[in-house]
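Novice: Before anything else, here's the structure in question.
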Amino acid sequence: MSSRSKPNGIASQRSFVKLLGGEYDLMRSTGILKRFYAATLLIIAILLLTCISIFYAIELLFHSIAVETTLAVFFSLLFICIYIFLLNTFSKEDRKRKKKLNFSDIIRIGFIAFMGFLIAQPLIILVYAASLSADVAHYKQQLLNTHTTRIAGLTEKETGKLAARHHHYNRQKQQSGTTIYDDQMARIDRTLQAMEIKTQALESAAARTIAANSFFLYRIKRVNGSYPLSGLLVLIIVTLFMLPALLIYTISGEHHYYRQKKALERKLISDAYHAFTMHYKKLWDQSVTIFSRYIDPPFNTIRKKPPVSGNTNDFIQKYIDNR
């Protein structure tokens, strides 16, 4: 039983470490496996928080389980892939030549912090959901009152004119005792009734729209401006996002892991290039040589120097004097 469970445990550890593109055996032999394993566990925690955050944000926006699930999975995987890609850029072998943070490192660290800040917003809204519901309800009522006042203001001037004209016709009718003003008064009544119906329709549409809106941006603004502990929660989540980068970046570029990894990668490339050249010669002729403009193929980092041009005396000495 133990002989079977042990390989399974190692396989699971390998799977975890592969999230960061690391070499399990090298990490184990050089003593940094625990550091990468801790970073991987933090990434899994970040993935769970990202899923919860995006799912809740999309639920506030769309109110559809199918849309929420699809978009939450897609954006969560997208965020975590970008995050892992940024972490892998911290573990390059050329870090041994860097003594301080350069501009590229600052950009990467800033982007990771910004990702943590974005993921933190729906989470703090979720934490303060009960308190925010009362705030949002109060804000909706204020917004509805504002819209109702504005809608009434759209027809207030025209309604006043029609009411004044109706009053004038009614007074003329009472004074003259005739019915010649009844048509005008009836037409004004129909116009006023139509305007009232339109006003009620606009108010109902505004009320439905306001009631159906979750006011996601208002929640973010409210929770960041009126709840002091929300800033602490954001700081904790951003710190959680920064911890894996800190664990990886603090590994020295001169560490045995990076040196051995680079040596293995170079050997792998050299062996593949040697196998290619041998196969190429077998296909054509053993005397065939593969031309390269570089001294160190296949890495091609040092270009061959072009031949130095001679003068007239060198030409005469080589081709005329030596005949």
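Following the order of the structure tokens, chains are lettered A, B, ..., residues in each are numbered from 1, and ligands are numbered from 1.
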Using only C-alpha atoms, which residues sit within 12 Å of Ala134 of chain A once same-chain residues fewer than 6 positions away are excluded, as number ranges by chain?
Specialist: A: 128, 140-141, 219, 222
Novice: If we count only C-alpha atoms and set the cut-off at 10 Å, which residues sit around Tyr227 of chain A, ignoring sequence neighbours fewer than 3 positions away in its own chain? Please answer as a JSON list (two decimals) with N, CA, C and O atoms, in the first residue's frame.
Specialist:
[["chain", "number", "residue", "atom", "x", "y", "z"],
["A", 124, "ILE", "N", -14.50, 42.14, -1.47],
["A", 124, "ILE", "CA", -14.89, 43.01, -0.34],
["A", 124, "ILE", "C", -16.36, 43.40, -0.45],
["A", 124, "ILE", "O", -17.03, 43.63, 0.57],
["A", 128, "TYR", "N", -19.12, 42.65, 2.63],
["A", 128, "TYR", "CA", -20.03, 43.67, 3.16],
["A", 128, "TYR", "C", -21.37, 43.67, 2.42],
["A", 128, "TYR", "O", -22.02, 44.71, 2.33],
["A", 131, "SER", "N", -24.53, 44.97, 4.54],
["A", 131, "SER", "CA", -24.53, 46.41, 4.77],
["A", 131, "SER", "C", -24.72, 47.19, 3.48],
["A", 131, "SER", "O", -25.42, 48.22, 3.45],
["A", 132, "LEU", "N", -24.10, 46.71, 2.42],
["A", 132, "LEU", "CA", -24.22, 47.40, 1.14],
["A", 132, "LEU", "C", -25.62, 47.32, 0.56],
["A", 132, "LEU", "O", -26.03, 48.21, -0.17],
["A", 222, "ARG", "N", -18.75, 52.75, -2.89],
["A", 222, "ARG", "CA", -19.26, 52.87, -1.52],
["A", 222, "ARG", "C", -18.41, 52.09, -0.52],
["A", 222, "ARG", "O", -18.07, 52.60, 0.55],
["A", 223, "VAL", "N", -18.04, 50.85, -0.89],
["A", 223, "VAL", "CA", -17.31, 50.02, 0.05],
["A", 223, "VAL", "C", -15.89, 50.53, 0.26],
["A", 223, "VAL", "O", -15.33, 50.40, 1.35],
["A", 224, "ASN", "N", -15.29, 51.15, -0.77],
["A", 224, "ASN", "CA", -13.94, 51.70, -0.61],
["A", 224, "ASN", "C", -13.94, 53.05, 0.09],
["A", 224, "ASN", "O", -12.92, 53.42, 0.68],
["A", 230, "SER", "N", -12.26, 47.78, 4.62],
["A", 230, "SER", "CA", -12.15, 47.26, 3.25],
["A", 230, "SER", "C", -10.74, 47.47, 2.70],
["A", 230, "SER", "O", -10.23, 46.64, 1.94],
["A", 231, "GLY", "N", -10.11, 48.58, 3.07],
["A", 231, "GLY", "CA", -8.74, 48.83, 2.62],
["A", 231, "GLY", "C", -7.78, 47.79, 3.15],
["A", 231, "GLY", "O", -6.85, 47.36, 2.44],
["A", 232, "LEU", "N", -8.00, 47.34, 4.39],
["A", 232, "LEU", "CA", -7.15, 46.29, 4.96],
["A", 232, "LEU", "C", -7.34, 44.97, 4.22],
["A", 232, "LEU", "O", -6.37, 44.25, 3.95]]
Novice: Would you list the contacts of segment 274-282 of chain A as a PyMOL selection string, taking every protein, DNA or RNA residue within 12 Å and counting only C-alpha atoms, but skipping same-chain residues closer than 6 positions in sequence?
Specialist: chain A and resi 267-268+288-291+297-298
Novice: So how many Å separate atom CA of Phe216 of chain A and atom CA of Leu60 of chain A, to one decimal?
Specialist: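 Separation between atom CA of Phe216 of chain A and atom CA of Leu60 of chain A: 6.7 Å.
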Novice: Counting only C-alpha atoms, give me one row per residue of segment 203-319 of chain A with an atom at most 8 Å from an atom of segment 29-49 of chain A, showing the shortest contact pair and its distance in Å to one decimal, sorted by chain then residue number, as CSV.
Specialist:
residue,atom,partner,partner_atom,distance
A:Leu240,CA,A:Leu42,CA,7.4
A:Phe241,CA,A:Ile46,CA,6.9
A:Leu243,CA,A:Ala39,CA,7.4
A:Pro244,CA,A:Ala39,CA,4.6
A:Ala245,CA,A:Ala39,CA,8.0
A:Leu247,CA,A:Arg35,CA,6.5
A:Ile248,CA,A:Phe36,CA,7.2
A:His256,CA,A:Thr30,CA,6.3
A:Tyr257,CA,A:Thr30,CA,5.8
Novice: Quick check, in Å to one decimal: how far apart do atom CA of Ile119 of chain A and atom CA of Thr50 of chain A lie?
Specialist: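 Computing the Euclidean distance for atom CA of Ile119 of chain A and atom CA of Thr50 of chain A yields 6.1 Å.
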Novice: Using only C-alpha atoms, determine which residues lie at most 12 Å from Asp189 of chain A, disregarding the query and same-chain residues fewer than 2 positions distant; provide the list as a PyMOL selection string.
Specialist: chain A and resi 159+162-167+169-170+182-187+191-196
Novice: Atom CA of Gly225 of chain A to atom CA of Leu123 of chain A: how many Å, to one decimal?
Specialist: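 Separating atom CA of Gly225 of chain A from atom CA of Leu123 of chain A is a distance of 15.4 Å.
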Novice: Here is a test: counting only C-alpha atoms, which residue of A:Ser204, A:Pro307, A:Gly160, A:Leu86 is nearest to Ile188 of chain A?
Specialist: A:Gly160
Novice: What residues in segment 91-298 of chain A get the DSSP label helix (DSSP H, G or I)? Please answer as a PyMOL selection string.
Specialist: chain A and resi 93-97+103-127+129-176+182-212+216-226+228-249+256-283
Novice: Do you know which residues are at most 12 Å from Ala211 of chain A counting only C-alpha atoms, after dropping those on the same chain fewer than 3 positions away, and could you put them as an MDAnalysis selection string?
Specialist: chainID A and resid 136:141 143:144 204:208 214:215
Novice: Could those residues be written to a file, using all heavy atoms, as a CSV table (one decimal), in the first residue's frame?
Specialist:
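Result file selection.csv:
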chain,number,residue,atom,x,y,z
A,136,VAL,N,-27.4,50.4,-1.0
A,136,VAL,CA,-27.9,50.4,-2.4
A,136,VAL,C,-29.4,50.7,-2.5
A,136,VAL,O,-29.8,51.4,-3.4
A,136,VAL,CB,-27.5,49.1,-3.1
A,136,VAL,CG1,-28.2,49.0,-4.4
A,136,VAL,CG2,-26.0,48.9,-3.2
A,137,ALA,N,-30.2,50.1,-1.5
A,137,ALA,CA,-31.6,50.4,-1.5
A,137,ALA,C,-31.9,51.9,-1.3
A,137,ALA,O,-32.8,52.5,-2.0
A,137,ALA,CB,-32.3,49.6,-0.4
A,138,HIS,N,-31.1,52.5,-0.4
A,138,HIS,CA,-31.3,54.0,-0.2
A,138,HIS,C,-30.9,54.7,-1.4
A,138,HIS,O,-31.6,55.7,-1.8
A,138,HIS,CB,-30.5,54.4,1.0
A,138,HIS,CG,-30.6,55.8,1.4
A,138,HIS,ND1,-31.7,56.4,1.8
A,138,HIS,CD2,-29.6,56.8,1.3
A,138,HIS,CE1,-31.5,57.7,2.0
A,138,HIS,NE2,-30.2,58.0,1.7
A,139,TYR,N,-29.8,54.3,-2.1
A,139,TYR,CA,-29.4,55.0,-3.3
A,139,TYR,C,-30.4,54.9,-4.4
A,139,TYR,O,-30.6,55.8,-5.2
A,139,TYR,CB,-28.0,54.5,-3.7
A,139,TYR,CG,-27.5,55.1,-4.9
A,139,TYR,CD1,-27.0,56.4,-4.9
A,139,TYR,CD2,-27.4,54.4,-6.1
A,139,TYR,CE1,-26.5,57.0,-6.1
A,139,TYR,CE2,-26.9,54.9,-7.3
A,139,TYR,CZ,-26.4,56.2,-7.2
A,139,TYR,OH,-25.9,56.8,-8.4
A,140,LYS,N,-31.0,53.7,-4.5
A,140,LYS,CA,-32.0,53.5,-5.5
A,140,LYS,C,-33.2,54.4,-5.3
A,140,LYS,O,-33.7,54.9,-6.3
A,140,LYS,CB,-32.4,52.0,-5.5
A,140,LYS,CG,-31.4,51.0,-6.1
A,140,LYS,CD,-32.0,49.6,-6.2
A,140,LYS,CE,-31.1,48.6,-6.8
A,140,LYS,NZ,-31.6,47.3,-6.9
A,141,GLN,N,-33.6,54.5,-4.1
A,141,GLN,CA,-34.7,55.4,-3.8
A,141,GLN,C,-34.4,56.8,-4.1
A,141,GLN,O,-35.3,57.6,-4.7
A,141,GLN,CB,-35.1,55.3,-2.3
A,141,GLN,CG,-36.4,56.0,-1.9
A,141,GLN,CD,-37.6,55.5,-2.7
A,141,GLN,OE1,-37.8,54.3,-2.9
A,141,GLN,NE2,-38.4,56.4,-3.3
A,143,LEU,N,-32.3,57.8,-6.4
A,143,LEU,CA,-32.2,57.9,-7.8
A,143,LEU,C,-33.6,57.9,-8.4
A,143,LEU,O,-33.8,58.6,-9.4
A,143,LEU,CB,-31.4,56.7,-8.3
A,143,LEU,CG,-30.8,56.8,-9.8
A,143,LEU,CD1,-29.9,58.0,-9.9
A,143,LEU,CD2,-30.1,55.6,-10.1
A,144,LEU,N,-34.5,57.1,-7.9
A,144,LEU,CA,-35.8,57.1,-8.4
A,144,LEU,C,-36.5,58.4,-8.2
A,144,LEU,O,-37.2,58.9,-9.1
A,144,LEU,CB,-36.6,55.9,-7.7
A,144,LEU,CG,-38.1,55.7,-8.2
A,144,LEU,CD1,-38.1,55.4,-9.7
A,144,LEU,CD2,-38.7,54.6,-7.4
A,204,SER,N,-42.5,54.3,-14.6
A,204,SER,CA,-42.5,52.8,-14.4
A,204,SER,C,-41.2,52.2,-15.1
A,204,SER,O,-40.6,51.3,-14.5
A,204,SER,CB,-43.7,52.2,-15.0
A,204,SER,OG,-44.9,52.7,-14.4
A,205,ALA,N,-40.9,52.7,-16.3
A,205,ALA,CA,-39.7,52.2,-16.9
A,205,ALA,C,-38.4,52.5,-16.1
A,205,ALA,O,-37.5,51.7,-15.9
A,205,ALA,CB,-39.5,52.7,-18.3
A,206,ALA,N,-38.4,53.7,-15.6
A,206,ALA,CA,-37.2,54.1,-14.7
A,206,ALA,C,-37.2,53.3,-13.5
A,206,ALA,O,-36.1,52.8,-13.0
A,206,ALA,CB,-37.3,55.6,-14.4
A,207,ALA,N,-38.3,53.0,-12.9
A,207,ALA,CA,-38.4,52.2,-11.6
A,207,ALA,C,-37.9,50.8,-11.9
A,207,ALA,O,-37.2,50.2,-11.1
A,207,ALA,CB,-39.8,52.2,-11.1
A,208,ARG,N,-38.4,50.2,-13.0
A,208,ARG,CA,-37.9,48.8,-13.4
A,208,ARG,C,-36.5,48.8,-13.6
A,208,ARG,O,-35.8,47.8,-13.2
A,208,ARG,CB,-38.7,48.3,-14.6
A,208,ARG,CG,-40.2,48.0,-14.3
A,208,ARG,CD,-40.8,47.2,-15.4
A,208,ARG,NE,-40.7,47.9,-16.7
A,208,ARG,CZ,-41.6,48.8,-17.2
A,208,ARG,NH1,-42.7,49.0,-16.5
A,208,ARG,NH2,-41.5,49.4,-18.3
A,214,SER,N,-27.9,46.2,-10.4
A,214,SER,CA,-27.2,45.9,-9.1
A,214,SER,C,-26.3,47.0,-8.7
A,214,SER,O,-25.8,46.9,-7.5
A,214,SER,CB,-26.4,44.6,-9.3
A,214,SER,OG,-25.4,44.8,-10.3
A,215,PHE,N,-26.0,48.0,-9.5
A,215,PHE,CA,-25.1,49.1,-9.2
A,215,PHE,C,-23.8,48.6,-8.7
A,215,PHE,O,-23.3,49.0,-7.6
A,215,PHE,CB,-25.8,50.0,-8.1
A,215,PHE,CG,-27.0,50.8,-8.7
A,215,PHE,CD1,-28.3,50.2,-8.5
A,215,PHE,CD2,-26.8,52.0,-9.3
A,215,PHE,CE1,-29.4,50.9,-9.1
A,215,PHE,CE2,-28.0,52.6,-9.8
A,215,PHE,CZ,-29.2,52.1,-9.7
Novice: Can you list, as a compact mmCIF listing (two decimals) with C-alpha atoms, in the first residue's frame, every protein, DNA or RNA residue that comes within 6 Å of Pro122 of chain A when you count only C-alpha atoms, leaving out same-chain residues fewer than 2 positions away?
Specialist:
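Dumped to part-v4.txt:
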# COMPACT_ATOMS: atom_id res chain seq x y z
CA SER A 53 -14.54 37.04 -7.14
CA ALA A 57 -19.05 40.07 -10.05
CA ALA A 120 -10.22 42.14 -4.32
CA ILE A 124 -14.89 43.01 -0.34
CA ILE A 125 -18.33 43.70 -1.82
